[in-house]
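> Got a file for you: entry.pdb, PDB, C-alpha atoms.
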```pdb
ATOM      1  CA  ASP A  21     -20.189  -6.267 -32.456
ATOM      2  CA  GLY A  22     -19.232  -2.747 -31.531
ATOM      3  CA  GLY A  23     -15.764  -2.104 -30.276
ATOM      4  CA  ILE A  24     -12.314  -0.683 -30.755
ATOM      5  CA  THR A  25      -9.686  -2.302 -32.927
ATOM      6  CA  GLN A  26      -5.979  -1.563 -32.878
ATOM      7  CA  SER A  27      -3.442  -2.750 -35.375
ATOM      8  CA  PRO A  28      -0.940  -4.156 -35.515
ATOM      9  CA  LYS A  29      -0.806  -6.095 -32.244
ATOM     10  CA  TYR A  30       2.994  -6.149 -32.318
ATOM     11  CA  LEU A  31       5.217  -3.635 -34.107
ATOM     12  CA  PHE A  32       8.961  -3.473 -34.438
ATOM     13  CA  ARG A  33      10.735  -0.301 -35.415
ATOM     14  CA  LYS A  34      14.287   0.537 -36.226
ATOM     15  CA  GLU A  35      15.761   3.625 -34.660
ATOM     16  CA  GLY A  36      15.105   6.701 -36.758
ATOM     17  CA  GLN A  37      11.925   5.393 -38.345
ATOM     18  CA  ASN A  38       8.438   6.805 -37.989
ATOM     19  CA  VAL A  39       5.653   4.299 -37.401
ATOM     20  CA  THR A  40       1.884   4.686 -37.359
ATOM     21  CA  LEU A  41      -0.443   2.817 -35.028
ATOM     22  CA  SER A  42      -4.027   2.354 -36.125
ATOM     23  CA  CYS A  43      -7.117   2.812 -33.945
ATOM     24  CA  GLU A  44     -10.656   2.380 -35.253
ATOM     25  CA  GLN A  45     -13.961   2.385 -33.356
ATOM     26  CA  ASN A  46     -17.520   1.626 -34.414
ATOM     27  CA  LEU A  47     -19.162   2.727 -31.175
ATOM     28  CA  ASN A  48     -20.156   6.116 -32.613
ATOM     29  CA  HIS A  49     -18.091   7.761 -29.882
ATOM     30  CA  ASP A  50     -17.089  11.375 -30.243
ATOM     31  CA  ALA A  51     -13.934  11.327 -28.137
ATOM     32  CA  MET A  52     -10.817   9.225 -28.675
ATOM     33  CA  TYR A  53      -7.617   8.931 -26.659
ATOM     34  CA  TRP A  54      -4.115   7.519 -26.910
ATOM     35  CA  TYR A  55      -2.254   6.260 -23.857
ATOM     36  CA  ARG A  56       1.196   4.908 -23.304
ATOM     37  CA  GLN A  57       1.722   2.184 -20.694
ATOM     38  CA  ASP A  58       5.085   1.397 -19.143
ATOM     39  CA  PRO A  59       5.654  -1.098 -16.313
ATOM     40  CA  GLY A  60       5.030   0.494 -12.934
ATOM     41  CA  GLN A  61       3.869   3.817 -14.387
ATOM     42  CA  GLY A  62       0.247   3.230 -15.156
ATOM     43  CA  LEU A  63      -1.283   4.869 -18.207
ATOM     44  CA  ARG A  64      -0.151   8.263 -19.432
ATOM     45  CA  LEU A  65      -2.171  10.340 -21.869
ATOM     46  CA  ILE A  66      -0.452  11.180 -25.149
ATOM     47  CA  TYR A  67      -3.181  12.905 -27.205
ATOM     48  CA  TYR A  68      -6.938  13.121 -27.182
ATOM     49  CA  SER A  69      -9.618  14.300 -29.571
ATOM     50  CA  GLN A  70     -13.137  15.329 -28.653
ATOM     51  CA  ILE A  71     -14.413  15.987 -32.178
ATOM     52  CA  VAL A  72     -13.323  15.436 -35.758
ATOM     53  CA  ASN A  73     -10.508  17.683 -36.993
ATOM     54  CA  ASP A  74      -9.590  18.722 -33.466
ATOM     55  CA  PHE A  75      -7.164  17.240 -30.937
ATOM     56  CA  GLN A  76      -5.194  18.293 -27.883
ATOM     57  CA  LYS A  77      -1.887  17.310 -26.359
ATOM     58  CA  GLY A  78      -1.906  15.145 -23.299
ATOM     59  CA  ASP A  79       0.805  14.826 -20.680
ATOM     60  CA  ILE A  80       3.497  13.242 -22.868
ATOM     61  CA  ALA A  81       2.874  14.427 -26.448
ATOM     62  CA  GLU A  82       6.503  15.115 -27.398
ATOM     63  CA  GLY A  83       7.647  12.840 -30.214
ATOM     64  CA  TYR A  84       4.110  11.837 -31.199
ATOM     65  CA  SER A  85       1.566  13.130 -33.699
ATOM     66  CA  VAL A  86      -2.087  12.342 -34.446
ATOM     67  CA  SER A  87      -4.846  13.150 -36.881
ATOM     68  CA  ARG A  88      -8.631  12.949 -36.643
ATOM     69  CA  GLU A  89     -10.048  13.153 -40.145
ATOM     70  CA  LYS A  90     -12.890  10.725 -39.477
ATOM     71  CA  LYS A  91     -14.969  10.105 -36.392
ATOM     72  CA  GLU A  92     -14.103   6.425 -36.435
ATOM     73  CA  SER A  93     -10.334   6.731 -36.756
ATOM     74  CA  PHE A  94      -7.548   8.225 -34.635
ATOM     75  CA  PRO A  95      -4.108   7.085 -35.845
ATOM     76  CA  LEU A  96      -0.995   7.752 -33.784
ATOM     77  CA  THR A  97       2.409   8.324 -35.371
ATOM     78  CA  VAL A  98       5.482   7.679 -33.265
ATOM     79  CA  THR A  99       8.201   9.836 -34.755
ATOM     80  CA  SER A 100      11.952   9.507 -34.618
ATOM     81  CA  ALA A 101      11.926  12.380 -32.119
ATOM     82  CA  GLN A 102      10.470  10.071 -29.470
ATOM     83  CA  LYS A 103      13.578   8.954 -27.624
ATOM     84  CA  ASN A 104      12.212   5.922 -25.841
ATOM     85  CA  PRO A 105       9.214   4.624 -27.790
ATOM     86  CA  THR A 106       9.269   1.004 -26.622
ATOM     87  CA  ALA A 107       5.968   0.600 -24.743
ATOM     88  CA  PHE A 108       2.425  -0.719 -24.861
ATOM     89  CA  TYR A 109       0.051   1.716 -26.566
ATOM     90  CA  LEU A 110      -3.650   1.787 -25.799
ATOM     91  CA  CYS A 111      -6.405   3.571 -27.659
ATOM     92  CA  ALA A 112      -9.711   4.418 -26.007
ATOM     93  CA  SER A 113     -12.977   6.130 -26.881
ATOM     94  CA  SER A 114     -15.954   7.605 -25.075
ATOM     95  CA  MET A 115     -19.083   9.643 -25.602
ATOM     96  CA  TYR A 116     -18.190  13.293 -25.250
ATOM     97  CA  GLY A 117     -20.321  15.485 -23.082
ATOM     98  CA  SER A 118     -22.008  12.713 -21.150
ATOM     99  CA  SER A 119     -21.774  13.050 -17.415
ATOM    100  CA  TYR A 120     -21.476   9.354 -16.848
ATOM    101  CA  ASN A 121     -19.326   8.241 -19.727
ATOM    102  CA  GLU A 122     -16.504   5.837 -19.268
ATOM    103  CA  GLN A 123     -13.682   5.116 -21.652
ATOM    104  CA  PHE A 124     -13.663   1.898 -23.646
ATOM    105  CA  PHE A 125     -10.272   0.477 -24.532
ATOM    106  CA  GLY A 126      -8.829  -1.361 -27.490
ATOM    107  CA  PRO A 127      -6.565  -4.423 -27.143
ATOM    108  CA  GLY A 128      -3.348  -2.435 -27.505
ATOM    109  CA  THR A 129      -0.248  -2.370 -29.703
ATOM    110  CA  ARG A 130       3.141  -3.357 -28.330
ATOM    111  CA  LEU A 131       5.889  -1.328 -29.978
ATOM    112  CA  THR A 132       9.498  -2.429 -29.728
ATOM    113  CA  VAL A 133      12.448  -0.443 -31.018
ATOM    114  CA  LEU A 134      15.259  -2.631 -32.302
TER     115      LEU A 134
ATOM    116  CA  ALA B  10      -5.124  19.029 -10.686
ATOM    117  CA  GLN B  11      -6.205  15.511  -9.889
ATOM    118  CA  SER B  12      -4.124  12.559  -8.823
ATOM    119  CA  VAL B  13      -4.573   8.953  -7.787
ATOM    120  CA  THR B  14      -2.467   6.876  -5.424
ATOM    121  CA  GLN B  15      -2.699   3.120  -5.362
ATOM    122  CA  LEU B  16      -1.039   1.686  -2.293
ATOM    123  CA  GLY B  17       0.782  -1.529  -3.030
ATOM    124  CA  SER B  18       2.048  -2.247  -6.520
ATOM    125  CA  HIS B  19       1.738  -5.972  -5.816
ATOM    126  CA  VAL B  20      -0.866  -7.722  -3.671
ATOM    127  CA  SER B  21      -1.096 -11.469  -3.067
ATOM    128  CA  VAL B  22      -4.086 -13.230  -1.543
ATOM    129  CA  SER B  23      -5.074 -16.849  -1.143
ATOM    130  CA  GLU B  24      -7.889 -18.271  -3.187
ATOM    131  CA  GLY B  25     -11.124 -17.713  -1.258
ATOM    132  CA  ALA B  26      -9.706 -14.853   0.824
ATOM    133  CA  LEU B  27     -10.803 -11.233   0.847
ATOM    134  CA  VAL B  28      -9.394  -8.991  -1.867
ATOM    135  CA  LEU B  29      -8.712  -5.367  -0.887
ATOM    136  CA  LEU B  30      -7.045  -2.991  -3.331
ATOM    137  CA  ARG B  31      -6.521   0.545  -2.119
ATOM    138  CA  CYS B  32      -7.078   3.771  -4.009
ATOM    139  CA  ASN B  33      -6.847   7.315  -2.682
ATOM    140  CA  TYR B  34      -7.462  10.379  -4.783
ATOM    141  CA  SER B  35      -6.773  14.077  -4.680
ATOM    142  CA  SER B  36      -9.249  16.448  -6.285
ATOM    143  CA  SER B  37     -10.551  19.947  -5.687
ATOM    144  CA  VAL B  38     -14.131  18.789  -6.334
ATOM    145  CA  PRO B  39     -15.836  15.437  -5.731
ATOM    146  CA  PRO B  40     -14.650  13.451  -8.732
ATOM    147  CA  TYR B  41     -15.931  10.583 -10.771
ATOM    148  CA  LEU B  42     -14.005   7.407  -9.924
ATOM    149  CA  PHE B  43     -13.362   4.243 -11.898
ATOM    150  CA  TRP B  44     -11.745   0.839 -11.452
ATOM    151  CA  TYR B  45     -10.417  -0.971 -14.508
ATOM    152  CA  VAL B  46      -8.906  -4.450 -14.828
ATOM    153  CA  GLN B  47      -6.222  -5.489 -17.303
ATOM    154  CA  TYR B  48      -5.286  -9.046 -18.162
ATOM    155  CA  PRO B  49      -1.821  -9.679 -19.668
ATOM    156  CA  ASN B  50      -1.279  -8.095 -23.075
ATOM    157  CA  GLN B  51      -4.861  -6.886 -23.272
ATOM    158  CA  GLY B  52      -6.703  -3.602 -23.028
ATOM    159  CA  LEU B  53      -8.510  -2.312 -19.963
ATOM    160  CA  GLN B  54     -12.019  -3.382 -18.979
ATOM    161  CA  LEU B  55     -14.261  -1.335 -16.721
ATOM    162  CA  LEU B  56     -15.044  -3.048 -13.416
ATOM    163  CA  LEU B  57     -17.180  -0.334 -11.833
ATOM    164  CA  LYS B  58     -17.599   3.413 -11.542
ATOM    165  CA  TYR B  59     -18.846   6.010  -9.088
ATOM    166  CA  THR B  60     -20.405   9.204 -10.372
ATOM    167  CA  THR B  61     -23.185  10.334  -8.029
ATOM    168  CA  GLY B  62     -25.691   8.734  -5.683
ATOM    169  CA  ALA B  63     -25.065   5.599  -3.680
ATOM    170  CA  THR B  64     -21.517   5.488  -2.391
ATOM    171  CA  LEU B  65     -21.286   1.683  -2.452
ATOM    172  CA  VAL B  66     -20.917   0.614  -6.052
ATOM    173  CA  LYS B  67     -21.194  -2.927  -7.319
ATOM    174  CA  GLY B  68     -19.401  -4.040 -10.434
ATOM    175  CA  ILE B  69     -18.730  -7.082 -12.522
ATOM    176  CA  ASN B  70     -17.155 -10.330 -11.330
ATOM    177  CA  GLY B  71     -18.301  -9.783  -7.728
ATOM    178  CA  PHE B  72     -16.235  -6.651  -7.105
ATOM    179  CA  GLU B  73     -17.475  -3.586  -5.268
ATOM    180  CA  ALA B  74     -16.045  -0.289  -4.104
ATOM    181  CA  GLU B  75     -17.087   2.370  -1.633
ATOM    182  CA  PHE B  76     -16.606   6.086  -2.162
ATOM    183  CA  LYS B  77     -15.572   7.695   1.129
ATOM    184  CA  LYS B  78     -15.336  11.439   0.702
ATOM    185  CA  SER B  79     -13.959  12.057   4.211
ATOM    186  CA  GLU B  80     -11.094   9.654   3.535
ATOM    187  CA  THR B  81     -10.717  10.545  -0.167
ATOM    188  CA  SER B  82     -10.730   6.836  -0.875
ATOM    189  CA  PHE B  83     -12.305   4.399  -3.329
ATOM    190  CA  HIS B  84     -11.013   0.988  -2.283
ATOM    191  CA  LEU B  85     -11.906  -2.094  -4.331
ATOM    192  CA  THR B  86     -13.015  -5.273  -2.559
ATOM    193  CA  LYS B  87     -14.175  -8.784  -3.326
ATOM    194  CA  PRO B  88     -15.231 -11.160  -0.524
ATOM    195  CA  SER B  89     -13.686 -14.305  -1.988
ATOM    196  CA  ALA B  90     -10.807 -14.338  -4.459
ATOM    197  CA  HIS B  91     -10.853 -16.606  -7.478
ATOM    198  CA  MET B  92      -7.906 -17.687  -9.577
ATOM    199  CA  SER B  93      -9.386 -15.799 -12.529
ATOM    200  CA  ASP B  94      -9.044 -12.518 -10.586
ATOM    201  CA  ALA B  95      -5.290 -12.506 -11.151
ATOM    202  CA  ALA B  96      -4.675  -9.354 -13.198
ATOM    203  CA  GLU B  97      -3.595  -5.737 -12.901
ATOM    204  CA  TYR B  98      -6.075  -3.250 -11.508
ATOM    205  CA  PHE B  99      -6.133   0.473 -12.150
ATOM    206  CA  CYS B 100      -7.982   3.183 -10.285
ATOM    207  CA  ALA B 101      -8.796   6.340 -12.254
ATOM    208  CA  VAL B 102     -10.307   9.727 -11.532
ATOM    209  CA  ARG B 103     -11.869  12.439 -13.676
ATOM    210  CA  SER B 104     -13.506  15.766 -13.127
ATOM    211  CA  PRO B 105     -17.327  15.847 -13.089
ATOM    212  CA  ASN B 106     -17.258  19.057 -15.105
ATOM    213  CA  PHE B 107     -18.649  19.027 -18.618
ATOM    214  CA  GLY B 108     -15.935  19.034 -21.246
ATOM    215  CA  ASN B 109     -13.183  17.980 -18.850
ATOM    216  CA  GLU B 110     -13.287  14.271 -19.349
ATOM    217  CA  LYS B 111      -9.692  13.183 -19.218
ATOM    218  CA  LEU B 112      -8.939  10.272 -16.919
ATOM    219  CA  THR B 113      -5.993  10.295 -14.555
ATOM    220  CA  PHE B 114      -4.803   6.793 -13.712
ATOM    221  CA  GLY B 115      -2.993   5.358 -10.741
ATOM    222  CA  THR B 116       0.125   3.281 -11.291
ATOM    223  CA  GLY B 117      -1.747   0.013 -10.894
ATOM    224  CA  THR B 118      -1.814  -2.945  -8.507
ATOM    225  CA  ARG B 119      -0.906  -6.406  -9.703
ATOM    226  CA  LEU B 120      -3.054  -8.999  -7.944
ATOM    227  CA  THR B 121      -1.716 -12.527  -7.534
ATOM    228  CA  ILE B 122      -3.948 -15.350  -6.299
ATOM    229  CA  ILE B 123      -2.274 -18.132  -4.323
ATOM    230  CA  PRO B 124      -3.883 -21.557  -4.828
TER     231      PRO B 124
END
```
Can you turn what I pasted into structure tokens?

Amino acid sequence: DGGITQSPKYLFRKEGQNVTLSCEQNLNHDAMYWYRQDPGQGLRLIYYSQIVNDFQKGDIAEGYSVSREKKESFPLTVTSAQKNPTAFYLCASSMYGSSYNEQFFGPGTRLTVL
Amino acid sequence: AQSVTQLGSHVSVSEGALVLLRCNYSSSVPPYLFWYVQYPNQGLQLLLKYTTGATLVKGINGFEAEFKKSETSFHLTKPSAHMSDAAEYFCAVRSPNFGNEKLTFGTGTRLTIIP
């Protein structure tokens, strides 16, 4: 079945550590996105990538980094510079350039800083 | 710039009653509009979308929404609530322009169904 997988489902980090969240899709989608979800704030865009080897900052990119070396993969690194990283992180993908595309979401990773 | 306002962060309805979740948008051009549903600790699932054409859009699980340009609204409705409808619902907007495909989400409405 086609879809988006995120791993791990739960992640615990000590202060000062970098952690990397995995996102893989087999939908042959061009575009991929990372969102952060906090209670009462909806989803906020961290980074997005429309093609391989290219990505752009979203609304809250500070303290995060990404790479897009393969079409199927868009890992997100939460660095020690992110002051309040505890949140639910969602990855999404879509066809780029289609007028009617919608974004498909993975199951999410819940990150907790200890 | 686009924005979405969802009135009511929490809505409670009785089982079998009408569900109405409100969404108003701000956009310089007629946007594309989406409703997503999220069950606890899961990702988002598309309920329905409006792009062009008929302004009344039907989605999954008996939900529908009507695009009203004059009111800049895209409210979500369901005639009869079911216990399984309890979830969080997000309205989202994006530009119709090619290459500008970022979604802007509202802050969500948590729907509770009273038995």
> Identify all residues satisfying the ChimeraX specification (/A :<8) & /B in the given file; provide them as a PyMOL selection string.
chain B and resi 18+50-55+60+99+105-108+110+113-117
> Using only C-alpha atoms, which residues sit within 8 Å of Ala96 in chain B once same-chain residues fewer than 5 positions away are excluded, as a ChimeraX atom specification?
/B:46-49,119-121
> If I take CA of Pro105 in chain A and CA of Arg33 in chain A, how far is one from the other in Å, to one decimal?
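For CA of Pro105 in chain A relative to CA of Arg33 in chain A, the distance reads 9.2 Å.
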> Around (-8.9, 17.5, -36.5), as given in the file, which residues come within 10 Å? Count all atoms listed in the file and list them as a PyMOL selection string.
chain A and resi 69-76+86-91+94
> Excluding Arg31 in chain B and any residue of its chain fewer than 4 positions from it, enumerate the residues within 7 Å of it, using all atoms listed in the file, and give them as a list of chain:residue names.
B:Gln15, B:Leu16, B:His84, B:Leu85
> For Tyr59 in chain B, find every residue with an atom within 10 Å (counting only C-alpha atoms), except residues of its own chain fewer than 2 positions away, and show them as a list in words.
Tyr120 of chain A; Pro40, Tyr41, Leu42, Phe43, Trp44, Leu57, Thr61, Gly62, Ala63, Thr64, Leu65, Val66, Lys67, Ala74, Glu75, Phe76, Phe83 and Val102 of chain B
> When the PyMOL selection byres ((chain B and resi 24-30) around 6) is applied to the file above, which residues end up in the set, as a VMD selection string?
chain B and resid 23 31 84 to 91 122 to 124
> Pick from A:Ser27, A:Thr99, A:Thr106, A:Ser93: nearest to Asn46 in chain A, with all atoms listed in the file counted?
A:Ser93
> Let me know the residues the PyMOL selection byres ((chain A and resi 104) around 10) catches in the file above, as a ChimeraX atom specification.
/A:35,83,100-103,105-107,132-133
> Suppose you want the space between CA of Ser104 in chain B and CA of Ser82 in chain B; what is it in Å?
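Going from CA of Ser104 in chain B over to CA of Ser82 in chain B covers 15.4 Å.
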> As an exercise, work out the distance from CA of Pro95 in chain A to CA of Leu41 in chain A in Å and give it to one decimal place.
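CA of Pro95 in chain A sits 5.7 Å away from CA of Leu41 in chain A.
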> Each side padded by 4 Å, which centre and which edge lengths in Å (one decimal) define the axis-aligned box around the listed atoms of range 31-37 of chain B? Give them as lines of an AutoDock Vina configuration file.

```
center_x = -8.5
center_y = 10.2
center_z = -4.2
size_x = 12.0
size_y = 27.4
size_z = 12.2
```
> Write out as a PyMOL selection string the residues lying within 6 Å of Thr118 in chain B, counting all atoms listed in the file and excluding same-chain residues fewer than 4 positions away.
chain B and resi 18-19+97-98
> Which residue is closest to Ser35 in chain B? Choose from B:Val22, B:Gly17, B:Ile69, B:Thr81 and count all atoms listed in the file.
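Result for the nearest residue to Ser35 in chain B: B:Thr81.
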> Return the single residue from B:Asn33, B:Ser12, B:Ser79, B:Ser21 that is closest to Arg103 in chain B, with distances computed using all atoms listed in the file.
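Between B:Asn33, B:Ser12, B:Ser79, B:Ser21, the residue approaching Arg103 in chain B most closely is B:Ser12.
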> Write out all heavy atoms for range 106-117 of chain A, as a short mmCIF file (atom, residue, chain, number, x, y, z; two decimals), in the frame of the given file.

```
data_model
loop_
_atom_site.label_atom_id
_atom_site.label_comp_id
_atom_site.auth_asym_id
_atom_site.auth_seq_id
_atom_site.Cartn_x
_atom_site.Cartn_y
_atom_site.Cartn_z
N THR A 106 9.66 2.37 -26.96
CA THR A 106 9.27 1.00 -26.62
C THR A 106 8.27 1.03 -25.47
O THR A 106 8.59 1.48 -24.38
CB THR A 106 10.49 0.16 -26.24
OG1 THR A 106 11.33 0.02 -27.38
CG2 THR A 106 10.08 -1.20 -25.74
N ALA A 107 7.04 0.55 -25.74
CA ALA A 107 5.97 0.60 -24.74
C ALA A 107 4.75 -0.11 -25.31
O ALA A 107 4.72 -0.53 -26.46
CB ALA A 107 5.61 2.05 -24.40
N PHE A 108 3.72 -0.19 -24.46
CA PHE A 108 2.42 -0.72 -24.86
C PHE A 108 1.50 0.47 -25.06
O PHE A 108 1.38 1.32 -24.17
CB PHE A 108 1.91 -1.64 -23.74
CG PHE A 108 0.71 -2.47 -24.11
CD1 PHE A 108 0.68 -3.22 -25.26
CD2 PHE A 108 -0.39 -2.51 -23.28
CE1 PHE A 108 -0.41 -4.02 -25.59
CE2 PHE A 108 -1.50 -3.30 -23.59
CZ PHE A 108 -1.51 -4.04 -24.75
N TYR A 109 0.88 0.57 -26.23
CA TYR A 109 0.05 1.72 -26.57
C TYR A 109 -1.42 1.31 -26.61
O TYR A 109 -1.79 0.35 -27.28
CB TYR A 109 0.46 2.31 -27.91
CG TYR A 109 1.82 2.96 -27.85
CD1 TYR A 109 2.98 2.22 -28.05
CD2 TYR A 109 1.95 4.32 -27.57
CE1 TYR A 109 4.23 2.82 -27.96
CE2 TYR A 109 3.19 4.93 -27.49
CZ TYR A 109 4.32 4.16 -27.69
OH TYR A 109 5.56 4.76 -27.60
N LEU A 110 -2.22 2.08 -25.90
CA LEU A 110 -3.65 1.79 -25.80
C LEU A 110 -4.46 2.94 -26.34
O LEU A 110 -4.21 4.11 -26.03
CB LEU A 110 -4.04 1.54 -24.34
CG LEU A 110 -3.55 0.22 -23.76
CD1 LEU A 110 -3.55 0.26 -22.25
CD2 LEU A 110 -4.42 -0.93 -24.26
N CYS A 111 -5.45 2.60 -27.13
CA CYS A 111 -6.40 3.57 -27.66
C CYS A 111 -7.73 3.39 -26.92
O CYS A 111 -8.09 2.26 -26.54
CB CYS A 111 -6.59 3.32 -29.15
SG CYS A 111 -7.78 4.42 -29.96
N ALA A 112 -8.43 4.48 -26.70
CA ALA A 112 -9.71 4.42 -26.01
C ALA A 112 -10.68 5.39 -26.65
O ALA A 112 -10.28 6.32 -27.38
CB ALA A 112 -9.55 4.74 -24.52
N SER A 113 -11.97 5.20 -26.38
CA SER A 113 -12.98 6.13 -26.88
C SER A 113 -14.08 6.28 -25.86
O SER A 113 -14.25 5.43 -24.97
CB SER A 113 -13.55 5.66 -28.22
OG SER A 113 -14.35 4.50 -28.06
N SER A 114 -14.83 7.36 -25.97
CA SER A 114 -15.95 7.60 -25.08
C SER A 114 -16.92 8.57 -25.73
O SER A 114 -16.58 9.26 -26.70
CB SER A 114 -15.47 8.19 -23.74
OG SER A 114 -14.96 9.50 -23.93
N MET A 115 -18.13 8.63 -25.18
CA MET A 115 -19.08 9.64 -25.60
C MET A 115 -18.64 10.96 -24.99
O MET A 115 -18.37 11.04 -23.80
CB MET A 115 -20.49 9.28 -25.11
CG MET A 115 -21.08 8.10 -25.83
SD MET A 115 -21.28 8.40 -27.60
CE MET A 115 -22.49 9.72 -27.57
N TYR A 116 -18.60 11.99 -25.76
CA TYR A 116 -18.19 13.29 -25.25
C TYR A 116 -19.41 14.04 -24.74
O TYR A 116 -20.45 14.05 -25.37
CB TYR A 116 -17.51 14.11 -26.34
CG TYR A 116 -17.17 15.52 -25.92
CD1 TYR A 116 -16.30 15.75 -24.86
CD2 TYR A 116 -17.73 16.62 -26.57
CE1 TYR A 116 -15.98 17.04 -24.47
CE2 TYR A 116 -17.42 17.91 -26.18
CZ TYR A 116 -16.54 18.12 -25.13
OH TYR A 116 -16.24 19.39 -24.74
N GLY A 117 -19.25 14.66 -23.59
CA GLY A 117 -20.32 15.48 -23.08
C GLY A 117 -21.33 14.74 -22.24
O GLY A 117 -22.29 15.32 -21.75
#
```
